[in-house]
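Listing of input07.json; format and content: JSON, C-alpha atoms.
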```
[["chain", "number", "residue", "atom", "x", "y", "z"],
["A", 51, "MET", "CA", -13.75, -16.93, -9.86],
["A", 52, "SER", "CA", -15.81, -19.05, -12.21],
["A", 53, "PRO", "CA", -19.57, -19.07, -11.53],
["A", 54, "ILE", "CA", -19.54, -22.74, -10.55],
["A", 55, "HIS", "CA", -16.76, -22.39, -7.96],
["A", 56, "HIS", "CA", -18.15, -19.08, -6.74],
["A", 57, "HIS", "CA", -21.58, -20.55, -6.07],
["A", 58, "GLN", "CA", -20.12, -23.58, -4.32],
["A", 59, "MET", "CA", -18.00, -21.42, -2.02],
["A", 60, "VAL", "CA", -20.92, -19.11, -1.21],
["A", 61, "GLU", "CA", -23.14, -22.05, -0.28],
["A", 62, "ILE", "CA", -20.46, -23.77, 1.82],
["A", 63, "VAL", "CA", -19.53, -20.59, 3.71],
["A", 64, "THR", "CA", -23.17, -19.68, 4.35],
["A", 65, "SER", "CA", -23.99, -23.18, 5.57],
["A", 66, "GLU", "CA", -20.97, -23.24, 7.89],
["A", 67, "LEU", "CA", -21.81, -19.81, 9.32],
["A", 68, "ASN", "CA", -25.37, -20.88, 10.05],
["A", 69, "THR", "CA", -24.20, -24.15, 11.61],
["A", 70, "VAL", "CA", -21.58, -22.54, 13.85],
["A", 71, "VAL", "CA", -23.95, -19.84, 15.09],
["A", 72, "GLU", "CA", -26.74, -22.34, 15.70],
["A", 73, "LYS", "CA", -24.48, -24.66, 17.73],
["A", 74, "TYR", "CA", -23.04, -21.78, 19.73],
["A", 75, "ILE", "CA", -26.51, -20.50, 20.63],
["A", 76, "LYS", "CA", -27.61, -24.00, 21.69],
["A", 77, "LEU", "CA", -24.58, -24.45, 23.95],
["A", 78, "THR", "CA", -24.42, -20.99, 25.51],
["A", 79, "GLY", "CA", -27.85, -19.40, 25.11],
["A", 80, "PHE", "CA", -26.14, -16.45, 23.44],
["A", 81, "LYS", "CA", -28.46, -13.52, 22.59],
["A", 82, "GLY", "CA", -25.94, -10.87, 21.61],
["A", 83, "LYS", "CA", -24.88, -9.31, 18.32],
["A", 84, "ILE", "CA", -22.89, -11.14, 15.67],
["A", 85, "SER", "CA", -20.01, -9.78, 13.59],
["A", 86, "ILE", "CA", -17.91, -11.35, 10.83],
["A", 87, "LEU", "CA", -14.15, -11.08, 10.35],
["A", 88, "SER", "CA", -13.18, -11.87, 6.77],
["A", 89, "HIS", "CA", -9.69, -12.00, 5.28],
["A", 90, "SER", "CA", -8.50, -11.79, 1.68],
["A", 91, "LEU", "CA", -10.71, -13.85, -0.68],
["A", 92, "GLY", "CA", -13.00, -14.62, 2.24],
["A", 93, "SER", "CA", -13.98, -10.95, 2.31],
["A", 94, "VAL", "CA", -15.13, -11.21, -1.31],
["A", 95, "ILE", "CA", -17.28, -14.24, -0.50],
["A", 96, "CYS", "CA", -18.76, -12.52, 2.56],
["A", 97, "TRP", "CA", -19.40, -9.35, 0.55],
["A", 98, "ASP", "CA", -21.38, -11.32, -2.02],
["A", 99, "ILE", "CA", -23.36, -13.14, 0.68],
["A", 100, "LEU", "CA", -24.19, -9.99, 2.63],
["A", 101, "SER", "CA", -25.08, -7.95, -0.45],
["A", 102, "HIS", "CA", -27.78, -10.45, -1.44],
["A", 103, "GLN", "CA", -29.58, -10.92, 1.86],
["A", 104, "LYS", "CA", -33.20, -10.39, 2.65],
["A", 105, "ARG", "CA", -34.25, -10.01, 6.26],
["A", 106, "VAL", "CA", -35.19, -13.40, 7.68],
["A", 107, "SER", "CA", -36.17, -14.52, 11.17],
["A", 108, "PRO", "CA", -32.86, -14.62, 13.06],
["A", 109, "LEU", "CA", -31.71, -17.52, 15.16],
["A", 110, "ILE", "CA", -31.28, -15.15, 18.12],
["A", 111, "ASN", "CA", -34.76, -14.44, 19.40],
["A", 112, "GLU", "CA", -35.72, -13.98, 23.02],
["A", 113, "HIS", "CA", -39.29, -15.12, 22.49],
["A", 114, "GLN", "CA", -38.88, -18.01, 20.07],
["A", 115, "SER", "CA", -36.15, -20.39, 21.17],
["A", 116, "SER", "CA", -37.68, -23.01, 18.89],
["A", 117, "LEU", "CA", -36.00, -21.27, 15.97],
["A", 118, "LEU", "CA", -32.83, -23.06, 17.02],
["A", 119, "HIS", "CA", -34.39, -26.26, 15.71],
["A", 120, "CYS", "CA", -35.19, -24.84, 12.28],
["A", 121, "VAL", "CA", -34.28, -26.82, 9.20],
["A", 122, "ARG", "CA", -30.69, -26.05, 8.30],
["A", 123, "SER", "CA", -31.30, -26.05, 4.55],
["A", 124, "CYS", "CA", -30.91, -22.44, 3.46],
["A", 125, "THR", "CA", -33.67, -20.13, 2.36],
["A", 126, "PHE", "CA", -32.73, -18.74, -1.04],
["A", 127, "VAL", "CA", -32.78, -15.16, -2.23],
["A", 128, "THR", "CA", -33.27, -14.50, -5.93],
["A", 129, "THR", "CA", -31.48, -11.43, -7.25],
["A", 130, "PRO", "CA", -32.79, -9.43, -10.22],
["A", 131, "ASP", "CA", -29.46, -9.35, -12.09],
["A", 132, "THR", "CA", -28.70, -13.08, -11.99],
["A", 133, "GLU", "CA", -30.41, -16.43, -12.01],
["A", 134, "TYR", "CA", -28.33, -17.68, -9.11],
["A", 135, "GLU", "CA", -30.17, -17.93, -5.80],
["A", 136, "TYR", "CA", -28.04, -16.81, -2.88],
["A", 137, "PRO", "CA", -28.50, -18.72, 0.39],
["A", 138, "SER", "CA", -29.70, -16.72, 3.38],
["A", 139, "LEU", "CA", -28.00, -16.30, 6.72],
["A", 140, "LEU", "CA", -30.26, -17.23, 9.61],
["A", 141, "PHE", "CA", -28.95, -14.41, 11.80],
["A", 142, "ASP", "CA", -28.30, -10.67, 11.54],
["A", 143, "VAL", "CA", -24.77, -9.40, 11.01],
["A", 144, "VAL", "CA", -23.92, -6.11, 12.70],
["A", 145, "ASN", "CA", -20.28, -5.64, 11.61],
["A", 146, "ASN", "CA", -18.25, -7.00, 8.72],
["A", 147, "PHE", "CA", -14.54, -6.48, 9.35],
["A", 148, "MET", "CA", -12.68, -7.02, 6.07],
["A", 149, "ILE", "CA", -8.89, -7.29, 6.41],
["A", 150, "GLY", "CA", -6.49, -7.46, 3.48],
["A", 151, "SER", "CA", -9.48, -7.32, 1.18],
["A", 152, "PRO", "CA", -9.41, -7.27, -2.67],
["A", 153, "VAL", "CA", -13.17, -6.57, -2.85],
["A", 154, "ALA", "CA", -12.57, -3.32, -4.76],
["A", 155, "VAL", "CA", -10.77, -5.16, -7.57],
["A", 156, "PHE", "CA", -13.58, -7.71, -7.94],
["A", 157, "LEU", "CA", -16.19, -4.94, -8.04],
["A", 158, "ILE", "CA", -14.26, -3.19, -10.82],
["A", 159, "MET", "CA", -13.98, -6.46, -12.75],
["A", 160, "ARG", "CA", -17.77, -6.78, -12.49],
["A", 161, "SER", "CA", -18.23, -3.16, -13.63],
["A", 162, "GLN", "CA", -19.68, -2.31, -10.24],
["A", 163, "ASN", "CA", -17.39, 0.64, -9.62],
["A", 164, "ASN", "CA", -20.07, 3.16, -8.63],
["A", 165, "LEU", "CA", -21.47, 1.85, -5.37],
["A", 166, "THR", "CA", -23.60, 4.89, -4.59],
["A", 167, "ALA", "CA", -25.48, 4.49, -7.86],
["A", 168, "ASN", "CA", -26.07, 0.77, -7.44],
["A", 169, "ASN", "CA", -28.72, 0.02, -4.85],
["A", 170, "SER", "CA", -27.88, -3.68, -4.89],
["A", 171, "LEU", "CA", -24.54, -2.89, -3.23],
["A", 172, "GLN", "CA", -25.89, -1.54, 0.02],
["A", 173, "LEU", "CA", -25.11, -4.75, 1.92],
["A", 174, "SER", "CA", -28.65, -5.45, 3.08],
["A", 175, "GLY", "CA", -27.33, -8.20, 5.36],
["A", 176, "CYS", "CA", -24.93, -6.00, 7.32],
["A", 177, "LYS", "CA", -25.12, -2.67, 9.15],
["A", 178, "ARG", "CA", -21.45, -1.63, 9.23],
["A", 179, "VAL", "CA", -18.47, -2.37, 6.99],
["A", 180, "PHE", "CA", -14.82, -1.84, 7.93],
["A", 181, "ASN", "CA", -12.19, -2.20, 5.20],
["A", 182, "ILE", "CA", -8.92, -2.55, 7.15],
["A", 183, "PHE", "CA", -5.61, -2.82, 5.33],
["A", 184, "HIS", "CA", -1.85, -2.64, 5.81],
["A", 185, "PRO", "CA", -0.21, 0.08, 3.66],
["A", 186, "TYR", "CA", 2.18, -2.46, 2.07],
["A", 187, "ASP", "CA", -0.33, -5.24, 1.51],
["A", 188, "PRO", "CA", -0.28, -5.91, -2.28],
["A", 189, "VAL", "CA", -3.67, -7.64, -2.17],
["A", 190, "ALA", "CA", -5.67, -5.04, -0.23],
["A", 191, "TYR", "CA", -7.34, -2.05, -1.89],
["A", 192, "ARG", "CA", -9.38, 0.94, -0.78],
["A", 193, "LEU", "CA", -13.16, 0.83, -1.08],
["A", 194, "GLU", "CA", -14.18, 4.48, -0.70],
["A", 195, "PRO", "CA", -12.86, 5.76, -4.09],
["A", 196, "LEU", "CA", -15.22, 3.31, -5.81],
["A", 197, "MET", "CA", -18.18, 5.01, -4.17],
["A", 198, "ASP", "CA", -17.18, 8.40, -5.51],
["A", 199, "LYS", "CA", -14.03, 9.28, -7.46],
["A", 200, "ARG", "CA", -13.56, 12.39, -5.31],
["A", 201, "ASN", "CA", -12.90, 10.15, -2.33],
["A", 202, "LYS", "CA", -9.44, 9.32, -3.72],
["A", 203, "ASP", "CA", -8.23, 12.71, -2.48],
["A", 204, "ILE", "CA", -9.26, 11.87, 1.10],
["A", 205, "GLU", "CA", -6.86, 9.65, 3.02],
["A", 206, "PRO", "CA", -8.11, 6.61, 4.95],
["A", 207, "LYS", "CA", -8.50, 6.88, 8.69],
["A", 208, "ILE", "CA", -5.55, 5.70, 10.72],
["A", 209, "ILE", "CA", -5.97, 3.02, 13.37],
["A", 210, "PRO", "CA", -4.02, 4.16, 16.45],
["A", 211, "HIS", "CA", -1.14, 2.20, 17.90],
["A", 212, "TRP", "CA", -2.40, 0.01, 20.74],
["A", 213, "ARG", "CA", -0.80, 2.44, 23.16],
["A", 214, "PHE", "CA", -2.94, 5.19, 21.65],
["A", 215, "GLY", "CA", -0.82, 7.28, 19.32],
["A", 216, "LEU", "CA", 0.71, 7.93, 15.95],
["A", 217, "ARG", "CA", 4.01, 6.34, 15.02],
["A", 218, "VAL", "CA", 7.00, 8.58, 14.24],
["A", 219, "GLN", "CA", 6.61, 8.50, 10.45],
["A", 220, "TYR", "CA", 2.97, 9.55, 10.66],
["A", 221, "GLN", "CA", 3.73, 12.34, 13.10],
["A", 222, "THR", "CA", 6.43, 13.57, 10.71],
["A", 223, "LYS", "CA", 4.01, 13.44, 7.81],
["A", 224, "LEU", "CA", 1.43, 15.38, 9.79],
["A", 225, "TRP", "CA", 4.02, 17.97, 10.84],
["A", 226, "LEU", "CA", 5.18, 18.50, 7.25],
["A", 227, "ARG", "CA", 1.60, 18.82, 6.10],
["A", 228, "LYS", "CA", 0.90, 21.49, 8.69],
["A", 229, "ILE", "CA", 4.00, 23.42, 7.56],
["A", 230, "ARG", "CA", 2.91, 23.16, 3.92],
["A", 231, "ASN", "CA", -0.61, 24.35, 4.68],
["A", 232, "GLU", "CA", 0.69, 27.25, 6.76],
["A", 233, "THR", "CA", 3.12, 28.22, 3.98],
["A", 234, "GLU", "CA", 0.32, 28.18, 1.42],
["A", 235, "ARG", "CA", -1.83, 30.32, 3.67],
["A", 236, "VAL", "CA", 0.94, 32.90, 4.23],
["A", 237, "LYS", "CA", 1.78, 32.97, 0.53],
["A", 238, "GLU", "CA", -1.82, 33.52, -0.45],
["A", 239, "HIS", "CA", -2.22, 36.27, 2.16],
["A", 240, "ALA", "CA", 0.97, 38.03, 0.96],
["A", 241, "PHE", "CA", -0.10, 37.79, -2.69],
["A", 242, "ASN", "CA", -3.49, 39.30, -1.93],
["A", 243, "ALA", "CA", -1.89, 42.13, 0.07],
["A", 244, "VAL", "CA", 0.58, 43.00, -2.72],
["A", 245, "GLU", "CA", -2.12, 42.86, -5.36],
["A", 246, "ALA", "CA", -4.38, 45.12, -3.31],
["A", 247, "SER", "CA", -1.61, 47.67, -2.79],
["A", 248, "PHE", "CA", -0.76, 47.73, -6.51],
["A", 249, "LYS", "CA", -4.38, 48.26, -7.39],
["A", 250, "GLY", "CA", -4.60, 51.00, -4.76],
["A", 251, "ILE", "CA", -1.88, 53.08, -6.44],
["A", 252, "GLY", "CA", -3.10, 52.32, -9.94],
["A", 253, "LEU", "CA", -0.23, 50.06, -11.04],
["A", 254, "LEU", "CA", -2.47, 47.07, -11.59],
["A", 255, "GLU", "CA", -5.86, 47.03, -13.19],
["A", 256, "GLY", "CA", -7.62, 43.73, -13.32],
["A", 257, "THR", "CA", -9.98, 42.81, -16.16],
["A", 258, "ARG", "CA", -13.25, 40.96, -15.81],
["A", 259, "ASP", "CA", -11.61, 37.84, -17.24],
["A", 260, "ASP", "CA", -8.76, 38.04, -14.70],
["A", 261, "GLU", "CA", -11.21, 38.42, -11.84],
["A", 262, "ALA", "CA", -13.26, 35.48, -13.08],
["A", 263, "ASP", "CA", -10.12, 33.29, -13.35],
["A", 264, "PHE", "CA", -9.02, 34.33, -9.85],
["A", 265, "GLU", "CA", -12.45, 33.50, -8.42],
["A", 266, "ASP", "CA", -12.46, 30.14, -10.17],
["A", 267, "GLU", "CA", -9.02, 29.37, -8.72],
["A", 268, "ASN", "CA", -10.17, 30.34, -5.23],
["A", 269, "ASP", "CA", -13.29, 28.21, -5.55],
["A", 270, "SER", "CA", -11.17, 25.27, -6.67],
["A", 271, "HIS", "CA", -8.83, 25.73, -3.69],
["A", 272, "LYS", "CA", -11.77, 25.89, -1.31],
["A", 273, "ARG", "CA", -13.26, 22.73, -2.76],
["A", 274, "GLN", "CA", -9.95, 20.88, -2.31],
["A", 275, "SER", "CA", -9.47, 22.07, 1.25],
["A", 276, "GLY", "CA", -13.05, 21.26, 2.23],
["A", 277, "LEU", "CA", -13.38, 17.75, 0.87],
["A", 278, "SER", "CA", -16.22, 15.68, 2.26],
["A", 279, "MET", "CA", -16.57, 11.94, 2.06],
["A", 280, "LYS", "CA", -19.21, 10.54, -0.31],
["A", 281, "ASN", "CA", -20.10, 7.09, 0.98],
["A", 282, "GLY", "CA", -23.71, 6.59, -0.02],
["A", 283, "ALA", "CA", -25.97, 4.24, 1.89],
["A", 284, "ILE", "CA", -23.41, 1.66, 3.03],
["A", 285, "HIS", "CA", -22.43, 2.03, 6.69],
["A", 286, "GLY", "CA", -24.80, 4.96, 7.07],
["A", 287, "GLY", "CA", -22.52, 7.21, 5.03],
["A", 288, "GLU", "CA", -19.64, 6.80, 7.52],
["A", 289, "ARG", "CA", -16.02, 5.94, 6.74],
["A", 290, "HIS", "CA", -15.02, 2.47, 5.51],
["A", 291, "ASP", "CA", -11.28, 2.55, 4.88],
["A", 292, "TYR", "CA", -9.00, 2.16, 7.89],
["A", 293, "LEU", "CA", -5.21, 2.06, 7.67],
["A", 294, "LEU", "CA", -2.93, 0.09, 9.99],
["A", 295, "GLN", "CA", 0.32, 1.85, 10.82],
["A", 296, "GLU", "CA", 3.45, 0.08, 9.61],
["A", 297, "ASN", "CA", 6.30, -0.16, 12.12],
["A", 298, "GLU", "CA", 9.70, 1.42, 11.65],
["A", 299, "LEU", "CA", 11.35, -1.77, 10.34],
["A", 300, "GLU", "CA", 8.65, -2.20, 7.71],
["A", 301, "ASN", "CA", 8.96, 1.45, 6.77],
["A", 302, "ALA", "CA", 12.71, 1.00, 6.16],
["A", 303, "ASN", "CA", 12.12, -1.38, 3.25],
["A", 304, "GLU", "CA", 8.57, -1.52, 1.96],
["A", 305, "TYR", "CA", 9.34, -4.14, -0.69],
["A", 306, "ILE", "CA", 10.48, -6.69, 1.87],
["A", 307, "ALA", "CA", 7.62, -5.73, 4.18],
["A", 308, "ALA", "CA", 5.13, -6.39, 1.36],
["A", 309, "LEU", "CA", 6.05, -10.09, 1.41],
["A", 310, "ALA", "CA", 4.61, -10.57, 4.89],
["A", 311, "ALA", "CA", 2.06, -7.72, 5.01],
["A", 312, "HIS", "CA", -0.89, -9.81, 3.83],
["A", 313, "SER", "CA", -0.56, -12.25, 6.74],
["A", 314, "SER", "CA", 0.48, -9.70, 9.37],
["A", 315, "TYR", "CA", -3.07, -8.92, 10.50],
["A", 316, "TRP", "CA", -3.32, -11.91, 12.81],
["A", 317, "GLU", "CA", -0.45, -10.64, 15.00],
["A", 318, "SER", "CA", -1.47, -6.98, 15.05],
["A", 319, "LYS", "CA", -2.32, -5.63, 18.51],
["A", 320, "ASP", "CA", -3.55, -2.42, 16.86],
["A", 321, "LEU", "CA", -6.13, -4.37, 14.86],
["A", 322, "THR", "CA", -7.20, -6.46, 17.85],
["A", 323, "LEU", "CA", -7.82, -3.40, 19.99],
["A", 324, "PHE", "CA", -9.61, -1.58, 17.17],
["A", 325, "ILE", "CA", -12.05, -4.45, 16.62],
["A", 326, "ALA", "CA", -12.63, -4.83, 20.36],
["A", 327, "GLU", "CA", -13.37, -1.12, 20.71],
["A", 328, "GLN", "CA", -15.84, -1.24, 17.82],
["A", 329, "LEU", "CA", -17.61, -4.23, 19.35],
["A", 330, "PHE", "CA", -17.75, -2.76, 22.84],
["A", 331, "GLY", "CA", -18.61, 0.87, 22.36],
["A", 332, "GLY", "CA", -16.21, 2.30, 19.81],
["A", 333, "ARG", "CA", -13.46, 4.88, 20.09],
["A", 334, "LYS", "CA", -12.34, 7.91, 18.13],
["A", 335, "ILE", "CA", -10.11, 6.88, 15.23],
["A", 336, "ILE", "CA", -7.24, 9.19, 14.27],
["A", 337, "ASP", "CA", -7.83, 11.30, 11.17],
["A", 338, "ILE", "CA", -4.46, 12.48, 9.88],
["A", 339, "THR", "CA", -6.04, 15.69, 8.60],
["A", 340, "GLN", "CA", -7.16, 16.62, 12.11],
["A", 341, "ALA", "CA", -4.82, 14.78, 14.50],
["A", 342, "SER", "CA", -2.31, 16.44, 16.78],
["A", 343, "CYS", "CA", 1.34, 15.48, 17.18],
["A", 344, "SER", "CA", 1.22, 14.73, 20.88],
["A", 345, "THR", "CA", 2.41, 11.15, 21.33],
["A", 346, "THR", "CA", 5.43, 9.34, 19.94],
["A", 347, "VAL", "CA", 5.20, 5.56, 19.84],
["A", 348, "SER", "CA", 7.78, 3.25, 18.37]]
```

As structure tokens, how would this structure be written, given the file I've shared?
Amino acid sequence: MSPIHHHQMVEIVTSELNTVVEKYIKLTGFKGKISILSHSLGSVICWDILSHQKRVSPLINEHQSSLLHCVRSCTFVTTPDTEYEYPSLLFDVVNNFMIGSPVAVFLIMRSQNNLTANNSLQLSGCKRVFNIFHPYDPVAYRLEPLMDKRNKDIEPKIIPHWRFGLRVQYQTKLWLRKIRNETERVKEHAFNAVEASFKGIGLLEGTRDDEADFEDENDSHKRQSGLSMKNGAIHGGERHDYLLQENELENANEYIAALAAHSSYWESKDLTLFIAEQLFGGRKIIDITQASCSTTVS
């Protein structure tokens, strides 16, 4: 996006958000928490708005209802890395649900691909960020690997089917992974036993270099099996990337499914339930590295 168009879109979106929230509070007396659902390019605009916010007096205030009559012209926030003054939201945002989001690509284009090292990317205007994507969506990208390159080895969390379960293809994947891990464990145990027996009868004598290489290999294996997410300050260090499960028809031909994947979010019951659960108390999201194959849903 060119700077001119980018600034215009940011100002229009911010003004509309403030207007809608202000009118809703006037009509209903609402005093609850506010979340934003942003799709595709809209998630990029919302990211830029929320990452340049300073705390202002919110519209929702139990003691000062007169704030509803504040001047609607936006308070501006000056950022140190640009001369552009970002308009301020007149309310606090608790959750930003990004669906089908290309934010990661835009951050790379801006050379902002190390979020943990860049304090300006802590989304001061938002407490929690959810990057939700369909596996075949050609526009959506993961966010966590940009925070730390080691995060690429950790799969996104899976949003359960609305009937609470993993689909068949994910159960199969989990089952195969368990078999592979068990095979690796048995193979390593057998290798260690044979090596110990050979050394016991004097047929194998390890050198210091061999022992050092073996220890390095073991350390590397332990590091890979004990990966931990590095998410920095955004979202309190919690997970950001959440994967919707494709259905069996989409799984049969991913190229055809990709044509409609970017607009499929609006009809997803899984996504609707996930957002509702996050807004009203939360629920445990399936982690494929820890889940159990207990429910089959098609």

(Q) What's the separation between CA of Phe324 (chain A) and CA of Arg178 (chain A), in Å to one decimal place? (A) 14.3 Å

Q: Find, counting all atoms listed in the file, the residue in A:Ser101, A:Ser90, A:Ser314, A:Asn201 that gets nearest to Val155 (chain A).
A: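 Among the listed residues, A:Ser90 lies closest to Val155 (chain A).
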
Q) If we count only C-alpha atoms, what is near His89 (chain A) at a cut-off of 7 Å, once residues fewer than 3 positions away on the same chain are taken out, given as a PyMOL selection string? A) chain A and resi 92-93+148-151

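Distances from A:Arg160, A:His239, A:Lys319, A:His312 to Leu91 (chain A) were compared using all atoms listed in the file, and the smallest one belongs to A:His312.
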
Produce the centre coordinates and the three edge lengths, each in Å to one decimal, of the box along x, y and z that contains all listed atoms of region 229-236 of chain A with 3 Å added on each side, as JSON.
```
{"center_x": 1.1, "center_y": 28.0, "center_z": 4.5, "size_x": 11.8, "size_y": 15.7, "size_z": 12.1}
```

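Atom to atom, CA of Thr69 (chain A) and CA of Asn146 (chain A) stand 18.4 Å apart.
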
Q: Go ahead and compute the interatomic distance for CA of Leu309 (chain A) and CA of Ser85 (chain A), in Å to one decimal.
A: 28.8 Å

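Checking A:Arg230, A:Ala243, A:Pro188, A:His56 one by one against Val94 (chain A), counting all atoms listed in the file, you find the shortest gap at A:His56.
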